[in-house]
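**Student:** Below is one structure. I have some questions about it.
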Amino acid sequence: MSPLDFVVLIGTMVGIAVYGIWRTRGQRDLSTYLKGDPNVRWAAIGISVMATQASAITFISTPGQGYQDGLGFVQNYFGMPLALIIIAAIFLPMYRRLNVYTAYEFLGRRFDAKTRLLGAALFLVQRGLAAGITIYAPAIILSTMLGWRLDLTIVLSGLLVIIYTVAGGSEAVSLTQKYQLAIIFGGMATAFIVLLTKLPANLSLTDALTVAGGFKKLEAVDFSLDVRRRYTFWSGLLGGLFLSLSYFGTDQSQVQRYISGASLRESRLGLMFNAVLKIPMQFFILLLGVLVFVFYQFERPPVFFNGVAWKYAVEHGSGERLRSIEQQFAAVHAQKQQLIHTWLGAKHAGDRKTEAEARAQAMAVNERSEAVRAEAKTALVAADPGVKSNDSDYVFITFVLDHLPHGVIGLLVAAFFAAALSSKSAELSALGSTTTVDFYRHLLKREATDAHYVAASKWFTLLWGLVALAFALFANLVENLIQAVNIVGSVFYGVVLALFLVAFFLKRVSGTAVFWAALAAQTLVFVLYFSLNISYLWYNFIGCAACVLLSLLIQAALGPNAGSAQALPGS
Amino acid sequence: MKPLDVNATGDEHAPSGPAGTSDSETTGLPWLDTWHGVYAFVFGCFIVWVGLLIALTVIFS
């Protein structure tokens with residue numbers, strides 16, 4: 001990165017943080033600190049919801065996903081519009097009617113104190129663990145590629161987000177997210193435009209899509225019922241609906257973003273903004289990756305995209321073998337490039353037969369190219385067993401650093417950090433709010449002034465920020481960290497969603513029944529997790545179904561009037 | 001902060017909800033004046049997006 005890139009990066013990141021602190025200075029009102037500006041409009045809510053969900057990994061890794069597997073990943077978002085409609089129609093009016101600060105406060109009103117504390121505790125464990133990842137995951141990629149110290153990258157970006165989140169609370173989170181999202185979209189749009197200009201001059205967009213389609217990168221929708229396939233229409237629709245209901249409907253980091261609207265209308269429209277735009281947004285990020293793939297058909301890509309790891313292995317004993325693989329890869333790539341030119345030339349000339357032959361040959365050579373890459377990864381892991389063989393996370397950052405002009409590189413790196421900070425700040429604010437409202441105010445200090453609770457919330461937010469920083473700093477001690485946190489999420493999410501589904505749809509079930517059902521279901525999930533060998537995503541469904549069924553059974557055993565079912569206003 | 005109310009289960013809550021909690025609240029949108037209409041529009045956008053993605057899949061397969 002050049003000095004210009006550093007000016008763009010530091011200027012945007014620090015400038016947005018300082019603006020957030022300055023705009024929220026002197027804030028003493030608890031509701032504004034925990035829920036944000038009470039007059040916030042739908043566009044700001046929509047942006048905040050979007051910025052919270054989209055972490056740095058979304059913008060660093062998703063183009064790599066597009067490069068590697070094509071557009072199929074977009075199907076994972078098919079359940080989200082439906083989930084957001086359900087949340088806007090059912091969850092949101094209830095949250096607003098009860099004027100709650102946290103989603104778990106709602107459980108207290110509907111059931112009882114113990115169910116509320118259970119829901120809040122499950123959120124704190126799950127989100128507290130995940131909070132470290134939102135700093136660590138982009139930091140490890142960016143520090144590797146930019147040659148920065150990992151610990152300094154984590155500490156500096158972590159401290160920046162802690163400072164403005166503690167100072168301004170939820171209002172500062174929403175304010176800064178607007179500008180952070182502008183940087184993110186500005187950076188991604190610039191990268192998209194520059195990428196189009198970098199494609200060969202005689203290659204039209206239709207030609208680029210033809211090449212991408214020929215290599216099966218444009219297979220966006222797959223109606224297969226094969227459960228072993230990773231991305232299908234059905235798994236996206238059903239699994240995505242389930243996950244989105246859990247995440248947007250019951251996770252405080254999202255609930256906090258939309259319950260603060262000036263009216264129910266503003267909150268609902270903010271959610272609908274995301275329901276309409278999320279699929280196209282993910283599509284364009286994946287398409288960016290697909291076009292990077294097309295670009296690298298005409299420009300030789302590195303054999304392995306984590307160039308730092310590759311260089312280290314070459315310089316530490318495996319140079320001869322790795323250089324030989326590089327030469328093999330270059331020869332195969334040149335052959336493929338020639339076939340693609342023949343294929344497109346035949347297409348323009350209307351020669352269908354030659355077009356089909358050249359295309360089939362190009363695909364066959366592409367398979368050889370992938371085989372060489374697989375051999376390269378095997379050789380690399382043999383040389384350095386600690387290296388991660390999946391290099392798709394490094395595809396987009398490699399393209400950015402190697403092919404974008406200075407200034408734009410700074411803008412893109414700023415966009416990655418903006419994405420990390422925007423999701424991190426919302427998580428910290430939610431963790432601080434839940435600790436203050438559901439534990440401190442509920443269990444320790446029931447009668448106090450707003451200023452007291454605001455101060456307490458600031459301390460709790462700071463504490464969670466430091467916990468996340470420490471977790472990020474020591475994250476490399478845990479093997480396969482991202483998967484570990486996803487497993488933690490899946491193990492807890494199902495039961496948390498079930499608590500809310502029972503609250504909304506099974507009005508005769510009492511707090512006592514659902515509380516014991518949740519504990520039993522969570523125990524069942526733990527037992528199954530340690531005894532079965534199935535995809536961890538299934539635990540979302542198992543935990544939820546078990547909790548709902550058990551609460552019905554326990555309520556039936558207790559009798560219709562037993563427990564502590566509460567009538568909610570307007571229910 | 002207003003004094004906390006305590007209900008039968010021992011939970012505290014603020015005494016009243018915020019303005020604008022009614023389900024019949026207007027959408028304020030020019031062509032979609034009911035929430036059912038807004039949800040149908042969003043669902044329609046979803047269908048259109050899936051349709052376009054299917055078209056892309058078929059055209060360039």
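Labeling convention for the structure tokens: chains A, B, ... as they appear, residues from 1 per chain, ligands from 1 in order of appearance.
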Counting only C-alpha atoms, which residues from chain A have an atom at most 6 Å from any atom of chain B, and could you show them as a PyMOL selection string?

**Tutor:** chain A and resi 96-99+112+210+213+218-221+263-264+276+449-450

**Student:** To one decimal place, how far is atom CA of Ala44 of chain A from atom CA of Gln256 of chain A in Å?

**Tutor:**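 Separation between atom CA of Ala44 of chain A and atom CA of Gln256 of chain A: 13.0 Å.
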
**Student:** From the options A:Arg127, A:Lys278, A:Arg323, A:His333, which residue's atoms come nearest to Gln297 of chain A, counting only C-alpha atoms?

**Tutor:**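 Ranking A:Arg127, A:Lys278, A:Arg323, A:His333 by distance to Gln297 of chain A, first place goes to A:His333.
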
**Student:** Please, what distance in Å, to one decimal, runs between atom CA of Thr232 of chain A and atom CA of Gln75 of chain A?

**Tutor:** 6.4 Å

**Student:** What gap, in Å, lies between atom CA of Asn274 of chain A and atom CA of Ile57 of chain A?

**Tutor:**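 Separating atom CA of Asn274 of chain A from atom CA of Ile57 of chain A is a distance of 18.7 Å.
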
**Student:** Can you tell me, as a ChimeraX atom specification, what residues are no more than 12 Å from segment 234-237 of chain A when counting only C-alpha atoms, ignoring any on the same chain fewer than 2 positions away?

**Tutor:** /A:72-83,220-232,239-245,279,537-538 /B:46,50

**Student:** Counting only C-alpha atoms, what is within 10 Å of segment 135-142 of chain A, bar same-chain residues fewer than 5 positions away, as a PyMOL selection string?

**Tutor:** chain A and resi 55-61+130+147-155+157-158+161+306+393-394+397+413+416-417+419-421+423-424+468-469+471-476+481-482
